[in-house]
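my_file07.txt (compact mmCIF, C-alpha atoms and all ligand atoms) appears below.
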```txt
# COMPACT_ATOMS: atom_id res chain seq x y z
CA MET B 1 0.00 0.00 0.00
CA PRO B 2 1.75 3.23 -1.07
CA ALA B 3 2.16 6.03 1.47
CA PRO B 4 -0.16 9.01 1.09
CA ALA B 5 1.07 11.92 -1.05
CA ASP B 6 1.95 14.05 1.94
CA ALA B 7 3.96 11.49 3.88
CA THR B 8 7.36 12.71 5.11
CA ARG B 9 9.33 9.66 3.92
CA PRO B 10 9.22 8.45 0.32
CA ALA B 11 6.87 5.61 -0.45
CA THR B 12 8.85 2.44 -1.09
CA ASP B 13 6.94 1.78 -4.26
CA MET B 14 7.04 5.18 -5.83
CA ALA B 15 6.24 3.78 -9.27
CA GLU B 16 2.88 2.62 -7.89
CA LEU B 17 2.20 5.92 -6.12
CA LEU B 18 3.32 8.23 -8.92
CA PRO B 19 0.21 8.10 -11.15
CA SER B 20 -1.97 9.18 -8.20
CA LEU B 21 0.07 12.33 -7.49
CA PRO B 22 -1.02 15.71 -8.92
CA LEU B 23 0.58 16.24 -12.33
CA GLU B 24 1.90 19.42 -13.98
CA THR B 25 2.91 19.20 -17.62
CA ARG B 26 3.05 22.91 -18.49
CA CYS B 27 6.43 23.53 -16.91
CA PRO B 28 9.24 22.54 -19.26
CA PRO B 29 11.39 20.66 -19.62
CA LEU B 30 9.99 17.71 -17.60
CA PRO B 31 6.60 16.60 -16.24
CA LEU B 32 6.31 17.34 -12.52
CA ARG B 33 4.36 15.66 -9.72
CA ARG B 34 3.52 17.15 -6.34
CA TYR B 35 4.88 15.17 -3.44
CA ASN B 36 5.12 16.39 0.14
CA GLY B 37 4.05 19.84 -1.03
CA PHE B 38 6.83 20.16 -3.65
CA TRP B 39 6.75 19.79 -7.44
CA LEU B 40 9.47 17.43 -8.66
CA PRO B 41 10.24 15.60 -11.90
CA GLU B 42 8.83 12.09 -12.03
CA SER B 43 12.34 10.76 -12.67
CA VAL B 44 13.60 12.29 -9.41
CA LEU B 45 10.67 10.96 -7.38
CA THR B 46 11.10 7.49 -8.83
CA GLU B 47 14.64 7.22 -7.56
CA LEU B 48 13.98 8.74 -4.14
CA PRO B 49 13.39 5.44 -2.27
CA ALA B 50 16.68 4.01 -3.60
CA ILE B 51 18.58 7.11 -2.49
CA HIS B 52 17.07 6.91 0.98
CA ALA B 53 17.77 3.22 1.29
CA ARG B 54 21.22 3.09 -0.25
CA LEU B 55 23.05 6.36 0.20
CA GLU B 56 25.36 6.01 3.18
CA PRO B 57 26.56 9.46 4.20
CA ARG B 58 30.02 9.76 5.72
CA PRO B 59 30.70 12.29 8.48
CA SER B 60 33.05 14.13 6.12
CA ASP B 61 30.44 14.43 3.34
CA VAL B 62 29.24 17.85 2.28
CA PHE B 63 25.89 18.12 0.50
CA LEU B 64 25.36 21.26 -1.55
CA ALA B 65 21.67 22.07 -1.70
CA SER B 66 19.78 24.66 -3.70
CA PHE B 67 16.63 25.58 -5.50
CA PRO B 68 17.51 25.51 -9.23
CA LYS B 69 19.04 28.70 -10.69
CA SER B 70 20.23 30.01 -7.35
CA GLY B 71 23.98 29.71 -7.77
CA THR B 72 24.38 25.91 -7.66
CA THR B 73 27.10 25.86 -10.34
CA TRP B 74 29.13 28.50 -8.52
CA LEU B 75 28.73 26.81 -5.15
CA LYS B 76 29.79 23.48 -6.67
CA ALA B 77 32.94 25.08 -8.08
CA LEU B 78 33.79 26.89 -4.84
CA ALA B 79 33.18 23.88 -2.58
CA PHE B 80 35.05 21.50 -4.89
CA ALA B 81 38.04 23.81 -5.26
CA THR B 82 38.12 24.45 -1.50
CA ALA B 83 37.71 20.84 -0.36
CA HIS B 84 40.28 19.46 -2.83
CA ARG B 85 42.86 22.25 -2.75
CA ALA B 86 45.57 19.98 -1.29
CA THR B 87 45.39 17.55 -4.23
CA HIS B 88 44.39 20.19 -6.78
CA PRO B 89 45.88 23.61 -5.98
CA PRO B 90 43.68 26.27 -7.62
CA SER B 91 46.66 27.65 -9.56
CA ASP B 92 47.26 24.29 -11.34
CA ALA B 93 46.98 24.53 -15.08
CA GLY B 94 45.45 21.04 -15.05
CA HIS B 95 42.89 21.74 -12.29
CA PRO B 96 39.70 19.64 -12.82
CA LEU B 97 37.65 22.85 -13.04
CA ARG B 98 39.75 23.84 -16.07
CA ARG B 99 38.86 20.57 -17.80
CA MET B 100 35.37 19.81 -16.52
CA ASN B 101 32.14 21.68 -15.94
CA PRO B 102 31.41 22.13 -12.18
CA HIS B 103 28.43 19.76 -12.60
CA GLU B 104 30.84 17.01 -13.63
CA CYS B 105 33.09 17.70 -10.64
CA VAL B 106 30.16 17.61 -8.18
CA GLN B 107 27.21 15.44 -9.12
CA PHE B 108 23.62 15.63 -8.00
CA MET B 109 22.79 12.83 -5.59
CA GLU B 110 19.35 12.42 -7.14
CA MET B 111 20.14 11.25 -10.60
CA ASP B 112 20.36 14.25 -12.85
CA PRO B 113 17.08 13.98 -14.76
CA GLU B 114 18.90 15.20 -17.84
CA LEU B 115 21.10 12.13 -17.76
CA ARG B 116 18.86 9.12 -17.52
CA ARG B 117 21.40 6.91 -15.83
CA ASP B 118 20.65 4.02 -13.58
CA THR B 119 20.35 5.14 -9.94
CA GLY B 120 22.12 2.01 -8.69
CA SER B 121 25.26 2.66 -10.71
CA LEU B 122 25.27 6.31 -9.68
CA LEU B 123 25.15 5.35 -5.99
CA GLU B 124 27.97 2.87 -6.57
CA GLU B 125 29.97 5.66 -8.18
CA PHE B 126 29.45 7.79 -5.07
CA GLU B 127 30.76 4.94 -2.90
CA GLN B 128 34.00 4.97 -4.88
CA LEU B 129 34.57 8.71 -4.34
CA ALA B 130 37.39 9.64 -1.99
CA SER B 131 36.55 11.63 1.15
CA PRO B 132 35.69 14.41 1.60
CA ARG B 133 32.88 13.76 -0.85
CA VAL B 134 31.03 16.76 -2.19
CA LEU B 135 27.59 15.97 -3.60
CA ALA B 136 24.69 18.17 -4.58
CA THR B 137 20.92 18.13 -4.46
CA HIS B 138 17.87 20.12 -5.46
CA LEU B 139 15.68 18.07 -3.11
CA PRO B 140 13.75 20.00 -0.48
CA TYR B 141 15.01 19.52 3.08
CA CYS B 142 11.97 17.41 4.01
CA LEU B 143 12.86 14.86 1.33
CA LEU B 144 16.53 14.45 2.21
CA PRO B 145 17.47 11.06 3.62
CA GLU B 146 17.16 10.97 7.41
CA SER B 147 20.81 9.96 7.53
CA ILE B 148 21.61 13.52 6.41
CA THR B 149 19.05 15.42 8.46
CA THR B 150 19.84 13.76 11.79
CA GLY B 151 22.96 13.72 13.93
CA GLU B 152 25.13 16.48 15.28
CA GLY B 153 28.77 17.44 15.28
CA ALA B 154 31.73 15.64 13.76
CA ALA B 155 29.84 12.35 13.37
CA ALA B 156 27.22 13.84 11.05
CA SER B 157 27.48 15.07 7.48
CA ARG B 158 27.00 18.73 6.55
CA VAL B 159 24.72 20.62 4.22
CA VAL B 160 25.48 23.94 2.51
CA TYR B 161 22.48 25.72 1.06
CA VAL B 162 22.56 28.61 -1.39
CA CYS B 163 19.50 30.82 -1.55
CA ARG B 164 18.68 33.50 -4.14
CA ASN B 165 16.09 36.20 -4.44
CA PRO B 166 13.01 34.55 -6.02
CA LYS B 167 12.63 37.17 -8.76
CA ASP B 168 16.20 36.61 -9.98
CA ALA B 169 15.88 32.82 -9.62
CA PHE B 170 12.73 33.01 -11.74
CA ILE B 171 14.33 35.09 -14.51
CA SER B 172 17.44 32.93 -14.51
CA GLY B 173 15.25 29.83 -14.83
CA LEU B 174 13.31 31.32 -17.71
CA PHE B 175 16.47 31.89 -19.75
CA PHE B 176 17.84 28.48 -18.82
CA VAL B 177 14.69 26.62 -19.86
CA LYS B 178 14.59 28.46 -23.17
CA LYS B 179 18.18 27.41 -23.79
CA VAL B 180 17.89 23.76 -22.80
CA SER B 181 14.37 22.79 -23.87
CA SER B 182 15.41 21.69 -27.33
CA ALA B 183 17.83 19.21 -25.76
CA TYR B 184 14.95 17.26 -24.22
CA GLY B 185 13.09 16.59 -27.46
CA ALA B 186 10.26 14.13 -27.02
CA GLY B 187 10.83 13.91 -23.25
CA ALA B 188 9.99 17.57 -22.76
CA SER B 189 6.68 18.68 -21.33
CA ALA B 190 4.04 19.89 -23.71
CA GLY B 191 4.58 23.44 -24.92
CA ALA B 192 8.27 23.54 -24.02
CA ARG B 193 9.09 25.66 -27.05
CA ALA B 194 6.19 28.07 -26.55
CA PHE B 195 7.09 28.92 -22.95
CA ASN B 196 6.84 32.70 -22.43
CA LEU B 197 7.41 35.01 -19.46
CA GLU B 198 3.76 35.41 -18.51
CA GLU B 199 3.02 31.68 -18.52
CA ALA B 200 6.24 30.90 -16.68
CA PHE B 201 5.50 33.61 -14.12
CA GLU B 202 2.06 32.15 -13.32
CA LEU B 203 3.57 28.72 -12.76
CA PHE B 204 6.36 30.14 -10.59
CA CYS B 205 3.85 32.06 -8.46
CA GLU B 206 1.84 28.87 -7.99
CA GLY B 207 5.02 27.03 -7.04
CA ARG B 208 4.51 24.68 -10.00
CA VAL B 209 8.17 24.55 -11.04
CA PHE B 210 11.05 22.13 -10.46
CA ALA B 211 11.39 21.91 -6.63
CA GLY B 212 8.84 24.71 -6.13
CA PRO B 213 7.46 26.57 -4.34
CA GLN B 214 10.86 28.31 -4.26
CA TRP B 215 10.22 30.21 -1.00
CA ARG B 216 9.14 27.05 0.79
CA HIS B 217 12.31 25.27 -0.38
CA VAL B 218 14.40 28.16 0.97
CA LEU B 219 12.47 28.44 4.22
CA GLN B 220 12.90 24.75 5.11
CA TYR B 221 16.68 24.99 4.74
CA TRP B 222 16.82 28.32 6.58
CA GLU B 223 14.87 26.83 9.49
CA ALA B 224 17.17 23.80 9.47
CA SER B 225 20.20 26.13 9.58
CA MET B 226 18.68 27.81 12.65
CA ARG B 227 18.01 24.47 14.37
CA ARG B 228 21.28 22.78 13.36
CA PRO B 229 23.82 25.56 12.71
CA LYS B 230 26.80 23.20 12.86
CA GLN B 231 25.27 20.92 10.21
CA VAL B 232 23.49 23.35 7.87
CA LEU B 233 25.16 26.47 6.47
CA PHE B 234 22.81 28.95 4.80
CA LEU B 235 24.39 31.16 2.13
CA GLU B 236 22.82 33.90 0.07
CA TYR B 237 23.86 34.38 -3.57
CA GLU B 238 23.62 38.18 -3.28
CA ARG B 239 26.01 38.27 -0.29
CA MET B 240 28.34 35.84 -2.05
CA LEU B 241 28.56 38.26 -4.96
CA ARG B 242 29.35 41.09 -2.56
CA ASP B 243 32.12 39.27 -0.75
CA PRO B 244 33.24 36.00 -2.38
CA GLU B 245 36.46 35.87 -0.32
CA ALA B 246 34.51 35.90 2.97
CA THR B 247 32.19 33.23 1.53
CA VAL B 248 35.07 30.93 0.66
CA LYS B 249 36.57 31.31 4.16
CA LYS B 250 33.21 30.62 5.78
CA LEU B 251 32.68 27.61 3.53
CA ALA B 252 36.10 26.18 4.36
CA GLU B 253 35.57 26.63 8.12
CA PHE B 254 32.18 24.98 7.90
CA MET B 255 33.49 22.06 5.84
CA GLY B 256 36.17 21.48 8.47
CA CYS B 257 39.07 22.58 6.27
CA GLY B 258 39.65 26.22 7.27
CA PHE B 259 42.53 28.08 5.61
CA SER B 260 45.84 28.30 7.44
CA LYS B 261 47.51 31.68 7.89
CA GLU B 262 50.12 30.62 5.33
CA GLU B 263 47.44 29.76 2.80
CA GLU B 264 45.68 33.07 3.32
CA GLU B 265 48.94 35.00 3.07
CA GLY B 266 49.88 32.95 0.02
CA GLY B 267 46.70 34.07 -1.76
CA VAL B 268 44.97 30.67 -1.92
CA VAL B 269 41.54 32.16 -1.09
CA ASP B 270 41.89 34.71 -3.88
CA GLU B 271 43.00 32.01 -6.30
CA ILE B 272 39.91 29.92 -5.54
CA VAL B 273 37.64 32.95 -5.96
CA LYS B 274 39.29 33.77 -9.27
CA LEU B 275 39.21 30.19 -10.58
CA CYS B 276 35.48 29.95 -9.77
CA SER B 277 34.47 33.39 -10.97
CA LEU B 278 31.80 33.61 -13.65
CA LYS B 279 34.21 35.30 -16.04
CA GLU B 280 36.87 32.63 -15.66
CA LEU B 281 34.53 29.61 -15.81
CA LYS B 282 32.47 31.03 -18.66
CA ASN B 283 35.57 31.48 -20.79
CA MET B 284 36.97 28.01 -20.29
CA GLU B 285 36.89 25.92 -23.42
CA VAL B 286 34.98 23.10 -21.69
CA ASN B 287 32.23 25.51 -20.69
CA ARG B 288 32.10 27.31 -24.04
CA SER B 289 31.84 24.27 -26.23
CA GLY B 290 31.11 21.24 -24.02
CA GLY B 291 27.83 19.73 -22.98
CA ASN B 292 26.33 16.72 -21.23
CA GLN B 293 25.11 13.43 -22.70
CA ALA B 294 21.57 14.77 -22.91
CA GLY B 295 22.70 17.58 -25.21
CA VAL B 296 22.51 20.41 -22.64
CA ARG B 297 25.34 22.78 -23.44
CA ASN B 298 27.62 23.83 -20.58
CA ASP B 299 27.32 27.49 -21.53
CA ALA B 300 23.64 27.37 -20.43
CA TYR B 301 24.84 27.43 -16.80
CA PHE B 302 26.61 30.77 -17.15
CA ARG B 303 24.73 33.94 -17.98
CA LYS B 304 24.94 37.32 -16.21
CA GLY B 305 25.61 36.25 -12.64
CA SER B 306 24.28 39.45 -11.11
CA SER B 307 21.74 40.53 -8.54
CA GLY B 308 18.62 42.44 -9.58
CA ASP B 309 18.50 41.39 -13.25
CA TRP B 310 14.75 40.83 -12.72
CA ARG B 311 14.35 44.61 -13.10
CA ASN B 312 15.19 44.25 -16.79
CA HIS B 313 12.43 41.71 -17.37
CA LEU B 314 9.59 42.00 -14.84
CA THR B 315 7.12 44.86 -14.82
CA PRO B 316 6.79 46.59 -11.41
CA GLU B 317 3.31 45.08 -11.21
CA LEU B 318 4.51 41.49 -11.70
CA ALA B 319 7.35 42.07 -9.25
CA ARG B 320 4.91 43.36 -6.62
CA ARG B 321 2.66 40.37 -7.17
CA LEU B 322 5.43 37.88 -6.52
CA ASP B 323 6.72 39.92 -3.57
CA LYS B 324 3.26 39.77 -2.00
CA ILE B 325 2.93 36.00 -2.45
CA VAL B 326 6.37 35.46 -0.93
CA GLU B 327 5.77 37.92 1.89
CA GLU B 328 2.55 36.18 2.87
CA ALA B 329 4.16 32.76 2.73
CA LEU B 330 7.07 33.89 4.92
CA GLN B 331 4.97 35.79 7.42
CA GLY B 332 5.95 35.04 11.00
CA SER B 333 8.93 32.91 9.95
CA GLY B 334 11.62 35.47 10.77
CA PHE B 335 13.18 34.98 7.33
CA ALA B 336 13.33 37.58 4.56
CA PHE B 337 15.08 37.46 1.18
CA VAL B 338 17.80 39.95 0.40
CA ASP B 339 18.17 41.63 -2.95
CA ASP B 340 20.42 44.33 -4.30
CA ALA B 341 18.10 47.01 -2.93
CA ASN B 342 18.00 45.99 0.74
CA MET B 343 21.56 44.80 1.36
P1 LIG N 1 21.82 34.30 -14.15
O1 LIG N 1 20.97 33.49 -15.08
O2 LIG N 1 21.01 35.30 -13.36
O3 LIG N 1 22.99 34.92 -14.80
P2 LIG N 1 22.46 27.53 -11.08
O4 LIG N 1 23.92 27.31 -11.06
O5 LIG N 1 21.77 27.21 -9.78
O6 LIG N 1 21.83 26.89 -12.25
O7 LIG N 1 22.26 29.11 -11.21
C1 LIG N 1 22.58 29.76 -12.41
C2 LIG N 1 22.86 31.20 -12.12
O8 LIG N 1 24.12 31.33 -11.47
C3 LIG N 1 22.93 32.01 -13.40
O9 LIG N 1 22.42 33.30 -13.06
C4 LIG N 1 24.42 32.02 -13.68
O10 LIG N 1 24.83 33.05 -14.53
C5 LIG N 1 24.97 32.16 -12.28
N1 LIG N 1 26.35 31.68 -12.16
C6 LIG N 1 26.90 30.59 -12.73
N2 LIG N 1 28.19 30.50 -12.41
C7 LIG N 1 28.49 31.56 -11.64
C8 LIG N 1 29.69 32.04 -11.02
N3 LIG N 1 30.82 31.40 -11.16
N4 LIG N 1 29.61 33.17 -10.29
C9 LIG N 1 28.43 33.84 -10.14
N5 LIG N 1 27.28 33.45 -10.71
C10 LIG N 1 27.30 32.32 -11.45
```

Let's see the structure in the file written out as structure tokens.
Ligand code: A3P
Amino acid sequence: MPAPADATRPATDMAELLPSLPLETRCPPLPLRRYNGFWLPESVLTELPAIHARLEPRPSDVFLASFPKSGTTWLKALAFATAHRATHPPSDAGHPLRRMNPHECVQFMEMDPELRRDTGSLLEEFEQLASPRVLATHLPYCLLPESITTGEGAAASRVVYVCRNPKDAFISGLFFVKKVSSAYGAGASAGARAFNLEEAFELFCEGRVFAGPQWRHVLQYWEASMRRPKQVLFLEYERMLRDPEATVKKLAEFMGCGFSKEEEEGGVVDEIVKLCSLKELKNMEVNRSGGNQAGVRNDAYFRKGSSGDWRNHLTPELARRLDKIVEEALQGSGFAFVDDANM
């Protein structure tokens, strides 16, 4: 008997449950189902029970979590470069980030729906990774395996979340979907090509987007960071842009690999910031011409990388509408988004 749609833990037979979950096909590129209050691709939900049952977190693991289009690629690059700086100094001409897209260096723990690989082999691949492992996820906090959300201190793994202003995350997502939809071909949701700002905005406001509602995704991680500050680090994309050096130091401390005085004086922090900057990554050959097996080009992950770009695309009326929805949803929580105007 499958668990009801709003159960906290994934039903063991998700394939059986899936057809009974609310369906959204208007949001490209993939059909979404609502589970536990969040809209997720069917492919992600299908593999959830296997991830819960088989992923064995190590205390040294770091899970990078985000709502899509919130700075995931940047966070992956920064965390990877920071965690592996002893084996791969950021100044190395052959650094993995100079040969591979950040999404190849740090993989999503839920199988990347773009790459329809077998979940079992992906989990086996994770087991082979040397510690400290850095993995990523777009799953909401409530759907993370309990082995990640419980435990304290050195014996438990850590989560780093990056949050972004919803209006910028929305605009970033709109451009991304336009760029990648053609790669999905027949697997794409109906109307993928005809997706326009107004339609996309309605869906975003209703939370009917990958891992939406965005503000609920953010709020769960923020609350977790308040409850478990040693295990969950909450970062904001806008503050990262303002002070990337401070972000890298904070990240390193949190991951248990703080910079020594010699490293700081030797410019290692600056080298990591530079290596992972939008300008640097965007211009690397692998990110200009490469792509994944599903045909999504690496350059789709790098656009403007600024705060407040929504002003160039949303009318003041649409912006106010989204602000109001978010404000109401966050009321009484103690959390508020930052943007370029209120920093
Ligand atoms: P924009 O579309 O607003 O430019 P994600 O990585 O979660 O998919 O988020 C993508 C957003 O992060 C895009 O925002 C992209 O340009 C920006 N981004 C990618 N790499 C970055 C980097 N190294 N530094 C800052 N922003 C970056």

Note to self: Considering all atoms listed in the file, can you say which of B:Leu40, B:Leu122, B:Ala336, B:Ala65 comes closest to ligand LIG 1 (chain N)?
What the structure shows: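 Using all atoms listed in the file, ligand LIG 1 (chain N) sits closest to B:Ala65.
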
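Between atom CA of Arg34 of chain B and atom CA of Pro22 of chain B the interatomic distance comes to 5.4 Å.
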
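Closest approach to ligand LIG 1 (chain N) among B:Thr82, B:Ser147, B:Ser307, B:Asn165: B:Ser307, based on all atoms listed in the file.
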
Next item on the list: May I ask you to write as a PyMOL selection string all residues lying at most 10 Å from ligand LIG 1 (chain N), with only C-alpha atoms and all ligand atoms counted?
Entry: chain B and resi 65-78+102-103+138+162-164+167-176+237-238+240-241+244+273-282+299-310

Notebook entry, point to check: Taking into account all atoms listed in the file, which residue in the set B:Pro28, B:Gly334, B:Gly258, B:Pro96 is nearest to Val286 of chain B?
Noted result: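 Distance minimum relative to Val286 of chain B lands on B:Pro96.
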
Can segment 99-109 of chain B be brought up to all heavy atoms and written out as a PDB file, in the frame of the given file?
```
ATOM      1  N   ARG B  99      39.113  21.609 -16.783  1.00  0.00           N
ATOM      2  CA  ARG B  99      38.860  20.570 -17.800  1.00  0.00           C
ATOM      3  C   ARG B  99      37.409  20.117 -17.810  1.00  0.00           C
ATOM      4  O   ARG B  99      36.921  19.548 -18.774  1.00  0.00           O
ATOM      5  CB  ARG B  99      39.705  19.320 -17.494  1.00  0.00           C
ATOM      6  CG  ARG B  99      41.160  19.492 -17.587  1.00  0.00           C
ATOM      7  CD  ARG B  99      41.877  18.183 -17.286  1.00  0.00           C
ATOM      8  NE  ARG B  99      42.190  17.994 -15.864  1.00  0.00           N
ATOM      9  CZ  ARG B  99      41.655  17.084 -15.079  1.00  0.00           C
ATOM     10  NH1 ARG B  99      40.737  16.266 -15.540  1.00  0.00           N
ATOM     11  NH2 ARG B  99      42.011  16.975 -13.805  1.00  0.00           N
ATOM     12  N   MET B 100      36.738  20.335 -16.653  1.00  0.00           N
ATOM     13  CA  MET B 100      35.370  19.810 -16.520  1.00  0.00           C
ATOM     14  C   MET B 100      34.435  20.896 -16.025  1.00  0.00           C
ATOM     15  O   MET B 100      34.828  21.768 -15.254  1.00  0.00           O
ATOM     16  CB  MET B 100      35.355  18.665 -15.491  1.00  0.00           C
ATOM     17  CG  MET B 100      36.132  17.440 -15.913  1.00  0.00           C
ATOM     18  SD  MET B 100      35.755  16.039 -14.842  1.00  0.00           S
ATOM     19  CE  MET B 100      36.731  16.402 -13.418  1.00  0.00           C
ATOM     20  N   ASN B 101      33.177  20.787 -16.431  1.00  0.00           N
ATOM     21  CA  ASN B 101      32.140  21.680 -15.940  1.00  0.00           C
ATOM     22  C   ASN B 101      31.927  21.376 -14.441  1.00  0.00           C
ATOM     23  O   ASN B 101      32.054  20.220 -14.020  1.00  0.00           O
ATOM     24  CB  ASN B 101      30.860  21.392 -16.755  1.00  0.00           C
ATOM     25  CG  ASN B 101      29.686  22.209 -16.292  1.00  0.00           C
ATOM     26  OD1 ASN B 101      28.860  21.747 -15.512  1.00  0.00           O
ATOM     27  ND2 ASN B 101      29.603  23.433 -16.764  1.00  0.00           N
ATOM     28  N   PRO B 102      31.611  22.396 -13.612  1.00  0.00           N
ATOM     29  CA  PRO B 102      31.410  22.130 -12.180  1.00  0.00           C
ATOM     30  C   PRO B 102      30.387  21.014 -11.905  1.00  0.00           C
ATOM     31  O   PRO B 102      30.502  20.294 -10.910  1.00  0.00           O
ATOM     32  CB  PRO B 102      30.893  23.469 -11.639  1.00  0.00           C
ATOM     33  CG  PRO B 102      31.476  24.495 -12.570  1.00  0.00           C
ATOM     34  CD  PRO B 102      31.521  23.840 -13.916  1.00  0.00           C
ATOM     35  N   HIS B 103      29.424  20.820 -12.813  1.00  0.00           N
ATOM     36  CA  HIS B 103      28.430  19.760 -12.600  1.00  0.00           C
ATOM     37  C   HIS B 103      29.011  18.365 -12.818  1.00  0.00           C
ATOM     38  O   HIS B 103      28.432  17.378 -12.363  1.00  0.00           O
ATOM     39  CB  HIS B 103      27.206  19.974 -13.502  1.00  0.00           C
ATOM     40  CG  HIS B 103      26.445  21.215 -13.137  1.00  0.00           C
ATOM     41  ND1 HIS B 103      25.620  21.272 -12.031  1.00  0.00           N
ATOM     42  CD2 HIS B 103      26.422  22.457 -13.679  1.00  0.00           C
ATOM     43  CE1 HIS B 103      25.099  22.492 -11.932  1.00  0.00           C
ATOM     44  NE2 HIS B 103      25.588  23.234 -12.913  1.00  0.00           N
ATOM     45  N   GLU B 104      30.154  18.291 -13.502  1.00  0.00           N
ATOM     46  CA  GLU B 104      30.840  17.010 -13.630  1.00  0.00           C
ATOM     47  C   GLU B 104      31.714  16.753 -12.407  1.00  0.00           C
ATOM     48  O   GLU B 104      31.927  15.619 -11.999  1.00  0.00           O
ATOM     49  CB  GLU B 104      31.741  16.993 -14.863  1.00  0.00           C
ATOM     50  CG  GLU B 104      31.010  16.905 -16.178  1.00  0.00           C
ATOM     51  CD  GLU B 104      32.003  17.062 -17.315  1.00  0.00           C
ATOM     52  OE1 GLU B 104      32.689  16.081 -17.661  1.00  0.00           O
ATOM     53  OE2 GLU B 104      32.099  18.193 -17.852  1.00  0.00           O
ATOM     54  N   CYS B 105      32.228  17.838 -11.823  1.00  0.00           N
ATOM     55  CA  CYS B 105      33.090  17.700 -10.640  1.00  0.00           C
ATOM     56  C   CYS B 105      32.261  17.336  -9.407  1.00  0.00           C
ATOM     57  O   CYS B 105      32.719  16.611  -8.530  1.00  0.00           O
ATOM     58  CB  CYS B 105      33.836  19.008 -10.364  1.00  0.00           C
ATOM     59  SG  CYS B 105      34.996  19.454 -11.660  1.00  0.00           S
ATOM     60  N   VAL B 106      31.058  17.890  -9.323  1.00  0.00           N
ATOM     61  CA  VAL B 106      30.160  17.610  -8.180  1.00  0.00           C
ATOM     62  C   VAL B 106      28.814  17.190  -8.752  1.00  0.00           C
ATOM     63  O   VAL B 106      28.130  17.992  -9.388  1.00  0.00           O
ATOM     64  CB  VAL B 106      29.984  18.867  -7.292  1.00  0.00           C
ATOM     65  CG1 VAL B 106      29.006  18.584  -6.157  1.00  0.00           C
ATOM     66  CG2 VAL B 106      31.318  19.349  -6.741  1.00  0.00           C
ATOM     67  N   GLN B 107      28.449  15.941  -8.514  1.00  0.00           N
ATOM     68  CA  GLN B 107      27.210  15.440  -9.120  1.00  0.00           C
ATOM     69  C   GLN B 107      26.011  15.576  -8.186  1.00  0.00           C
ATOM     70  O   GLN B 107      26.167  15.605  -6.970  1.00  0.00           O
ATOM     71  CB  GLN B 107      27.386  13.972  -9.459  1.00  0.00           C
ATOM     72  CG  GLN B 107      28.499  13.773 -10.445  1.00  0.00           C
ATOM     73  CD  GLN B 107      28.304  12.493 -11.222  1.00  0.00           C
ATOM     74  OE1 GLN B 107      27.213  12.181 -11.679  1.00  0.00           O
ATOM     75  NE2 GLN B 107      29.377  11.739 -11.354  1.00  0.00           N
ATOM     76  N   PHE B 108      24.844  15.636  -8.800  1.00  0.00           N
ATOM     77  CA  PHE B 108      23.620  15.630  -8.000  1.00  0.00           C
ATOM     78  C   PHE B 108      23.390  14.237  -7.449  1.00  0.00           C
ATOM     79  O   PHE B 108      23.552  13.256  -8.165  1.00  0.00           O
ATOM     80  CB  PHE B 108      22.418  16.039  -8.864  1.00  0.00           C
ATOM     81  CG  PHE B 108      22.395  17.509  -9.157  1.00  0.00           C
ATOM     82  CD1 PHE B 108      22.770  17.992 -10.398  1.00  0.00           C
ATOM     83  CD2 PHE B 108      22.002  18.407  -8.174  1.00  0.00           C
ATOM     84  CE1 PHE B 108      22.756  19.354 -10.670  1.00  0.00           C
ATOM     85  CE2 PHE B 108      21.994  19.774  -8.439  1.00  0.00           C
ATOM     86  CZ  PHE B 108      22.365  20.246  -9.685  1.00  0.00           C
ATOM     87  N   MET B 109      22.983  14.164  -6.166  1.00  0.00           N
ATOM     88  CA  MET B 109      22.790  12.830  -5.590  1.00  0.00           C
ATOM     89  C   MET B 109      21.513  12.190  -6.126  1.00  0.00           C
ATOM     90  O   MET B 109      21.442  10.984  -6.296  1.00  0.00           O
ATOM     91  CB  MET B 109      22.792  12.860  -4.075  1.00  0.00           C
ATOM     92  CG  MET B 109      21.561  13.374  -3.442  1.00  0.00           C
ATOM     93  SD  MET B 109      21.742  13.272  -1.663  1.00  0.00           S
ATOM     94  CE  MET B 109      20.099  13.720  -1.196  1.00  0.00           C
TER      95      MET B 109
END
```
